[in-house]
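The next block is upload.csv, given as CSV, C-alpha atoms.
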chain,number,residue,atom,x,y,z
A,104,MET,CA,-17.1,23.4,-4.4
A,105,PRO,CA,-16.5,22.4,-8.0
A,106,LEU,CA,-13.8,23.7,-10.3
A,107,ILE,CA,-14.7,25.8,-13.3
A,108,ILE,CA,-12.1,26.1,-16.1
A,109,GLU,CA,-12.5,28.9,-18.5
A,110,GLN,CA,-10.1,28.9,-21.5
A,111,ASP,CA,-9.1,31.5,-24.0
A,112,ASN,CA,-6.4,30.9,-26.6
A,113,ASP,CA,-5.5,33.3,-29.5
A,114,GLY,CA,-2.7,31.0,-30.7
A,115,THR,CA,0.0,32.9,-29.0
A,116,THR,CA,-1.3,33.5,-25.5
A,117,ALA,CA,-3.5,31.0,-23.7
A,118,ARG,CA,-5.4,32.0,-20.6
A,119,LEU,CA,-6.8,29.6,-18.1
A,120,ASN,CA,-9.1,31.1,-15.6
A,121,LEU,CA,-9.7,28.7,-12.6
A,122,VAL,CA,-12.7,29.3,-10.5
A,123,GLY,CA,-13.5,27.4,-7.3
A,124,GLU,CA,-11.2,24.8,-5.8
A,125,LEU,CA,-8.4,22.7,-7.1
A,126,ASP,CA,-8.0,19.7,-4.9
A,127,THR,CA,-7.8,15.9,-5.0
A,128,ASP,CA,-11.3,15.7,-6.5
A,129,THR,CA,-11.1,18.4,-9.1
A,130,ALA,CA,-7.5,18.2,-10.3
A,131,PRO,CA,-8.3,15.4,-12.8
A,132,GLN,CA,-10.5,18.0,-14.7
A,133,LEU,CA,-7.3,19.8,-15.6
A,134,ARG,CA,-5.6,16.8,-17.2
A,135,PRO,CA,-7.3,17.0,-20.6
A,136,VAL,CA,-6.6,20.7,-20.6
A,137,ILE,CA,-2.9,20.2,-20.0
A,138,GLU,CA,-2.9,17.5,-22.7
A,139,GLY,CA,-4.5,20.0,-25.1
A,140,LEU,CA,-1.9,22.6,-24.4
A,141,ALA,CA,0.9,20.0,-24.9
A,142,GLY,CA,-0.5,19.3,-28.3
A,143,GLN,CA,-0.3,22.9,-29.4
A,144,PRO,CA,1.8,24.9,-26.9
A,145,PRO,CA,1.2,28.6,-26.8
A,146,SER,CA,4.0,31.2,-26.4
A,147,VAL,CA,2.6,32.4,-23.1
A,148,LEU,CA,0.4,30.5,-20.7
A,149,VAL,CA,-1.4,32.7,-18.2
A,150,LEU,CA,-3.0,31.0,-15.2
A,151,ARG,CA,-5.5,33.4,-13.7
A,152,LEU,CA,-6.3,32.5,-10.1
A,153,LYS,CA,-8.3,35.5,-8.7
A,154,ASP,CA,-11.3,33.3,-8.1
A,155,LEU,CA,-9.5,30.1,-7.0
A,156,ASP,CA,-10.1,29.9,-3.3
A,157,TYR,CA,-8.2,26.7,-2.5
A,158,ILE,CA,-5.4,24.5,-3.8
A,159,SER,CA,-4.0,21.3,-2.4
A,160,SER,CA,-0.9,19.3,-3.4
A,161,ALA,CA,-3.0,17.5,-6.1
A,162,GLY,CA,-3.6,20.9,-7.7
A,163,LEU,CA,0.0,22.0,-7.3
A,164,ARG,CA,1.0,19.0,-9.3
A,165,CYS,CA,-1.0,20.3,-12.2
A,166,VAL,CA,0.6,23.7,-11.8
A,167,PHE,CA,4.1,22.2,-12.0
A,168,GLN,CA,3.0,20.1,-15.0
A,169,MET,CA,2.0,23.3,-16.8
A,170,LYS,CA,5.2,25.0,-15.8
A,171,LYS,CA,7.3,22.1,-17.1
A,172,LEU,CA,5.3,22.0,-20.4
A,173,MET,CA,6.0,25.7,-21.1
A,174,LYS,CA,9.6,25.3,-20.1
A,175,GLU,CA,10.1,22.4,-22.5
A,176,HIS,CA,8.6,24.4,-25.4
A,177,GLY,CA,10.5,27.6,-24.6
A,178,GLY,CA,7.3,29.4,-23.6
A,179,ARG,CA,6.5,31.6,-20.6
A,180,PHE,CA,4.3,30.6,-17.7
A,181,VAL,CA,2.8,33.3,-15.6
A,182,VAL,CA,0.3,33.5,-12.8
A,183,SER,CA,-2.2,36.3,-12.4
A,184,GLU,CA,-3.9,37.5,-9.2
A,185,PRO,CA,-3.6,34.5,-6.9
A,186,SER,CA,-5.8,34.7,-3.9
A,187,PRO,CA,-4.0,35.1,-0.5
A,188,GLN,CA,-4.5,31.4,0.4
A,189,VAL,CA,-3.2,30.2,-3.0
A,190,ARG,CA,-0.3,32.6,-2.9
A,191,LYS,CA,0.6,31.3,0.6
A,192,VAL,CA,0.7,27.7,-0.7
A,193,PHE,CA,2.6,28.7,-3.8
A,194,ASP,CA,5.2,30.4,-1.6
A,195,ILE,CA,5.7,27.3,0.6
A,196,VAL,CA,6.5,25.0,-2.4
A,197,LYS,CA,8.2,27.7,-4.5
A,198,ALA,CA,5.7,27.0,-7.3
A,199,VAL,CA,6.4,30.1,-9.4
A,200,PRO,CA,9.2,32.7,-9.4
A,201,VAL,CA,8.2,36.0,-7.9
A,202,GLN,CA,8.7,37.8,-11.2
A,203,SER,CA,6.2,35.5,-12.9
A,204,VAL,CA,3.4,36.4,-10.5
A,205,PHE,CA,1.2,39.4,-11.3
A,206,SER,CA,-1.0,41.0,-8.7
A,207,SER,CA,-3.3,42.7,-11.1
A,208,GLU,CA,-4.7,42.4,-14.6
A,209,ALA,CA,-3.2,45.8,-15.5
A,210,GLU,CA,0.2,44.6,-14.4
A,211,LEU,CA,-0.1,41.5,-16.5
A,212,ASP,CA,-1.4,43.3,-19.5
A,213,ALA,CA,1.6,45.7,-19.4
A,214,TYR,CA,3.9,42.7,-19.2
A,215,LEU,CA,2.2,41.0,-22.2
A,216,ASP,CA,2.2,44.3,-24.2
A,217,LYS,CA,5.9,44.7,-23.5
A,218,MET,CA,6.6,41.1,-24.7
A,219,GLN,CA,4.6,41.6,-27.9
A,220,ARG,CA,6.6,44.8,-28.7
A,221,GLN,CA,9.8,42.9,-28.1
A,222,VAL,CA,8.7,40.2,-30.5
A,223,GLY,CA,7.6,42.8,-33.0
A,224,SER,CA,11.0,44.5,-33.0
A,225,ASP,CA,13.0,41.3,-33.4
B,125,MET,CA,-12.6,20.6,24.1
B,126,GLU,CA,-11.4,17.2,22.9
B,127,GLY,CA,-12.7,14.3,21.0
B,128,THR,CA,-12.0,11.3,18.8
B,129,LEU,CA,-13.4,10.4,15.5
B,130,GLU,CA,-13.1,7.0,13.9
B,131,PHE,CA,-13.8,6.7,10.2
B,132,PRO,CA,-13.3,4.2,7.3
B,133,LEU,CA,-10.1,4.8,5.3
B,134,GLU,CA,-11.5,5.4,1.9
B,135,HIS,CA,-11.4,8.0,-0.9
B,136,ASP,CA,-13.0,11.2,0.3
B,137,CYS,CA,-12.9,10.3,4.0
B,138,HIS,CA,-11.2,13.6,4.6
B,139,GLN,CA,-14.4,15.4,3.8
B,140,GLY,CA,-16.3,14.0,6.8
B,141,VAL,CA,-13.4,14.5,9.1
B,142,LEU,CA,-13.0,18.1,8.0
B,143,GLU,CA,-16.6,18.9,8.6
B,144,ARG,CA,-16.4,17.5,12.1
B,145,LEU,CA,-13.2,19.4,12.9
B,146,LEU,CA,-14.5,22.7,11.4
B,147,ALA,CA,-17.6,22.4,13.6
B,148,GLN,CA,-15.5,21.9,16.7
B,149,ALA,CA,-13.2,24.7,15.6
B,150,ASN,CA,-16.1,27.1,15.2
B,151,ALA,CA,-17.6,26.1,18.6
B,152,THR,CA,-14.2,26.6,20.3
B,153,GLY,CA,-13.4,29.9,18.6
B,154,LEU,CA,-10.1,28.4,17.3
B,155,SER,CA,-7.7,31.0,16.0
B,156,ALA,CA,-4.5,28.9,16.1
B,157,CYS,CA,-5.3,27.4,12.7
B,158,ALA,CA,-7.2,29.0,9.8
B,159,PRO,CA,-10.1,26.9,8.4
B,160,GLU,CA,-8.4,26.8,5.0
B,161,ASP,CA,-5.2,25.5,6.5
B,162,LEU,CA,-7.1,22.9,8.6
B,163,ARG,CA,-8.7,21.8,5.4
B,164,LEU,CA,-5.3,21.5,3.7
B,165,ILE,CA,-3.8,19.5,6.6
B,166,VAL,CA,-6.7,17.1,6.7
B,167,GLU,CA,-6.8,16.5,3.0
B,168,GLU,CA,-3.0,16.0,2.7
B,169,VAL,CA,-2.7,13.7,5.7
B,170,LEU,CA,-5.6,11.5,4.9
B,171,THR,CA,-5.0,11.4,1.1
B,172,ASN,CA,-1.5,10.1,1.8
B,173,VAL,CA,-2.8,7.5,4.3
B,174,VAL,CA,-5.5,6.2,1.9
B,175,LYS,CA,-3.1,6.1,-1.1
B,176,TYR,CA,0.0,4.7,0.4
B,177,SER,CA,-0.4,3.0,3.8
B,178,GLY,CA,-2.2,-0.1,2.4
B,179,ALA,CA,-4.8,0.2,5.2
B,180,ALA,CA,-7.6,1.3,2.9
B,181,GLU,CA,-7.2,-1.8,0.7
B,182,ARG,CA,-7.6,-3.9,3.9
B,183,GLY,CA,-10.9,-2.1,4.7
B,184,ALA,CA,-9.3,-0.6,7.9
B,185,SER,CA,-10.4,2.5,9.8
B,186,GLY,CA,-8.4,5.5,10.8
B,187,THR,CA,-8.7,7.7,13.9
B,188,VAL,CA,-8.2,11.4,14.6
B,189,ARG,CA,-8.0,12.6,18.1
B,190,TRP,CA,-8.1,16.3,18.8
B,191,ARG,CA,-7.6,18.7,21.7
B,192,MET,CA,-8.6,22.2,21.0
B,193,TRP,CA,-8.3,25.6,22.7
B,194,PRO,CA,-8.8,29.0,21.0
B,195,ASP,CA,-5.1,29.5,20.7
B,196,ARG,CA,-3.9,25.8,20.3
B,197,LEU,CA,-4.9,22.8,18.3
B,198,GLU,CA,-3.4,19.3,18.7
B,199,LEU,CA,-4.3,16.6,16.2
B,200,ALA,CA,-3.2,13.0,16.3
B,201,PHE,CA,-3.9,11.0,13.1
B,202,GLU,CA,-3.7,7.2,13.5
B,203,ASP,CA,-3.9,4.4,11.0
B,204,PRO,CA,-3.1,0.7,11.1
B,205,GLY,CA,-1.2,0.8,7.8
B,206,ASP,CA,2.3,-0.2,6.9
B,207,PRO,CA,4.9,1.5,9.0
B,208,PHE,CA,5.7,4.9,7.3
B,209,ASP,CA,7.3,7.9,8.8
B,210,PRO,CA,6.3,10.8,6.4
B,211,LEU,CA,8.6,13.1,8.3
B,212,GLY,CA,11.6,11.0,7.2
B,213,GLU,CA,11.0,12.1,3.6
B,214,ASP,CA,13.0,15.2,2.6
B,215,GLU,CA,10.7,17.1,0.2
B,216,ASP,CA,12.4,20.5,0.6
B,217,ASP,CA,14.8,20.0,-2.3
B,218,LEU,CA,12.6,18.3,-4.9
B,219,SER,CA,13.2,19.5,-8.5
B,220,ASP,CA,10.3,20.9,-10.5
B,221,ASP,CA,10.2,17.7,-12.5
B,222,GLU,CA,9.8,15.7,-9.3
B,223,ARG,CA,7.1,18.0,-8.0
B,224,CYS,CA,5.1,17.1,-11.2
B,225,GLU,CA,4.8,13.7,-9.7
B,226,GLY,CA,3.8,14.9,-6.2
B,227,GLY,CA,5.6,14.9,-2.9
B,228,MET,CA,4.4,18.3,-1.7
B,229,GLY,CA,1.9,17.2,1.0
B,230,ILE,CA,4.4,16.7,3.8
B,231,LEU,CA,6.1,20.0,2.8
B,232,LEU,CA,2.8,21.8,3.3
B,233,ILE,CA,2.1,20.1,6.6
B,234,ARG,CA,5.5,20.9,8.0
B,235,ALA,CA,5.1,24.5,6.9
B,236,LEU,CA,1.7,25.0,8.4
B,237,ALA,CA,2.1,23.1,11.7
B,238,SER,CA,4.0,24.6,14.6
B,239,GLU,CA,5.2,21.1,15.7
B,240,VAL,CA,5.1,17.7,13.9
B,241,GLY,CA,6.0,14.3,15.2
B,242,TYR,CA,5.6,10.7,14.3
B,243,ARG,CA,5.5,7.5,16.3
B,244,ARG,CA,4.9,3.8,15.5
B,245,GLU,CA,3.0,2.3,18.4
B,246,ASP,CA,0.9,-0.8,18.8
B,247,GLY,CA,1.0,-1.5,15.1
B,248,ARG,CA,-0.3,1.9,14.2
B,249,ASN,CA,1.2,5.0,12.6
B,250,ARG,CA,0.7,8.1,14.7
B,251,LEU,CA,1.2,11.5,13.2
B,252,LEU,CA,1.1,14.3,15.8
B,253,LEU,CA,0.5,17.9,14.8
B,254,THR,CA,0.3,21.0,16.9
B,255,PHE,CA,-0.8,24.4,15.8
B,256,THR,CA,-0.3,27.5,17.9
B,257,GLY,CA,-0.8,30.2,15.2
B,258,VAL,CA,2.9,31.1,15.4

Please express the file's structure as structure tokens.
Amino acid sequence: MPLIIEQDNDGTTARLNLVGELDTDTAPQLRPVIEGLAGQPPSVLVLRLKDLDYISSAGLRCVFQMKKLMKEHGGRFVVSEPSPQVRKVFDIVKAVPVQSVFSSEAELDAYLDKMQRQVGSD
Amino acid sequence: MEGTLEFPLEHDCHQGVLERLLAQANATGLSACAPEDLRLIVEEVLTNVVKYSGAAERGASGTVRWRMWPDRLELAFEDPGDPFDPLGEDEDDLSDDERCEGGMGILLIRALASEVGYRREDGRNRLLLTFTGV
């Protein structure tokens, strides 16, 4: 099954919606996307994985590269709605801290709203 | 149910092996290893062999032997590549930076399999994996 990458970036928050499978064959598709983010890093990168059915170590490397990129630029990296299989693999390799994983879109939106209010009051 | 599959060690060889094993798993009613976990295991093992053993460059073939019951799966991956014990690698404590470069395949295999073993015999690497669903 191929990988479909949907992107949305408002300059502050970038959302990557991955659909399909992220494995040895499809992981190279993410390289230019990661390079693009590195050129203009957002404040928040949301990786939406509701429709990602499968991830292997090749895909995990991409996830760690995005996590590193955001850390280097002082941004936040969060994961939204990972499927059970992807969540299991993430847990094995400790890909993302528990507090950075959101189980629903509503939970994520509440987090992003809270962040924006904090920035607005600074 | 048991069987052996020999295949050329090349990019994407895991796809054909997986299809064969999934068909056997379906016929056996295998519950000891979920299909998506079996896929992960086959991809991680064979990708590592093709990339790092040197056997693919020599045009060599690999072998997978399986024994399957509904509640137990035994897999033996064999290749004539350079001696390499993947279980000797400690990947548990890799930093995030190191994980950007890889090294998570064996960690996944160890976590998903009930038992793992490695032997070097007759000039071949033998990776032995057992799944019992526990």

Counting only C-alpha atoms, which residues from chain B have an atom at most 9 Å from any atom of chain A, and could you show them as a PyMOL selection string?
chain B and resi 136+160-161+164+167-168+171+216+220-221+223-229+231-232+235

What is the atom CA of B:Ser177 to atom CA of A:Arg134 distance in Å?
25.7 Å

With only C-alpha atoms counted, which protein, DNA or RNA residues have an atom no more than 12 Å from (1.0, 6.2, -0.7) in the file frame? Please answer as a PyMOL selection string.
chain B and resi 168-181+205-210+226-227+229-230

Put those residues in a file: C-alpha atoms, as a PDB file, in the frame of the given file.
ATOM      1  CA  GLU B 168      -3.000  16.000   2.700  1.00  0.00           C
ATOM      2  CA  VAL B 169      -2.700  13.700   5.700  1.00  0.00           C
ATOM      3  CA  LEU B 170      -5.600  11.500   4.900  1.00  0.00           C
ATOM      4  CA  THR B 171      -5.000  11.400   1.100  1.00  0.00           C
ATOM      5  CA  ASN B 172      -1.500  10.100   1.800  1.00  0.00           C
ATOM      6  CA  VAL B 173      -2.800   7.500   4.300  1.00  0.00           C
ATOM      7  CA  VAL B 174      -5.500   6.200   1.900  1.00  0.00           C
ATOM      8  CA  LYS B 175      -3.100   6.100  -1.100  1.00  0.00           C
ATOM      9  CA  TYR B 176       0.000   4.700   0.400  1.00  0.00           C
ATOM     10  CA  SER B 177      -0.400   3.000   3.800  1.00  0.00           C
ATOM     11  CA  GLY B 178      -2.200  -0.100   2.400  1.00  0.00           C
ATOM     12  CA  ALA B 179      -4.800   0.200   5.200  1.00  0.00           C
ATOM     13  CA  ALA B 180      -7.600   1.300   2.900  1.00  0.00           C
ATOM     14  CA  GLU B 181      -7.200  -1.800   0.700  1.00  0.00           C
ATOM     15  CA  GLY B 205      -1.200   0.800   7.800  1.00  0.00           C
ATOM     16  CA  ASP B 206       2.300  -0.200   6.900  1.00  0.00           C
ATOM     17  CA  PRO B 207       4.900   1.500   9.000  1.00  0.00           C
ATOM     18  CA  PHE B 208       5.700   4.900   7.300  1.00  0.00           C
ATOM     19  CA  ASP B 209       7.300   7.900   8.800  1.00  0.00           C
ATOM     20  CA  PRO B 210       6.300  10.800   6.400  1.00  0.00           C
ATOM     21  CA  GLY B 226       3.800  14.900  -6.200  1.00  0.00           C
ATOM     22  CA  GLY B 227       5.600  14.900  -2.900  1.00  0.00           C
ATOM     23  CA  GLY B 229       1.900  17.200   1.000  1.00  0.00           C
ATOM     24  CA  ILE B 230       4.400  16.700   3.800  1.00  0.00           C
TER      25      ILE B 230
END

Please list as a ChimeraX atom specification every residue within 8 Å of stretch 186-200 of chain B, counting only C-alpha atoms and excluding residues in the same chain fewer than 4 positions away.
/B:125-133,149,152-157,204,250-257

Excluding stretch 110-120 of chain A and any residue of its chain fewer than 3 positions from it, enumerate the residues within 6 Å of it, using all atoms listed in the file, and give them as a PyMOL selection string.
chain A and resi 145-151

Could you tell me how far atom CA of A:Val204 sits from atom CA of A:Lys217, in Å to one decimal place?
15.6 Å

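Counting only C-alpha atoms, the residue from A:Lys153, A:Ala130, A:Val189, A:His176 that sits nearest to A:Glu208 is A:Lys153.
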
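Counting from atom CA of A:Ser206, the distance to atom CA of A:Met218 is 17.7 Å.
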
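Proximity ranking of B:Leu162, B:Leu218, B:Val240, B:Ala184 relative to B:Leu146 places B:Leu162 first, based on all atoms listed in the file.
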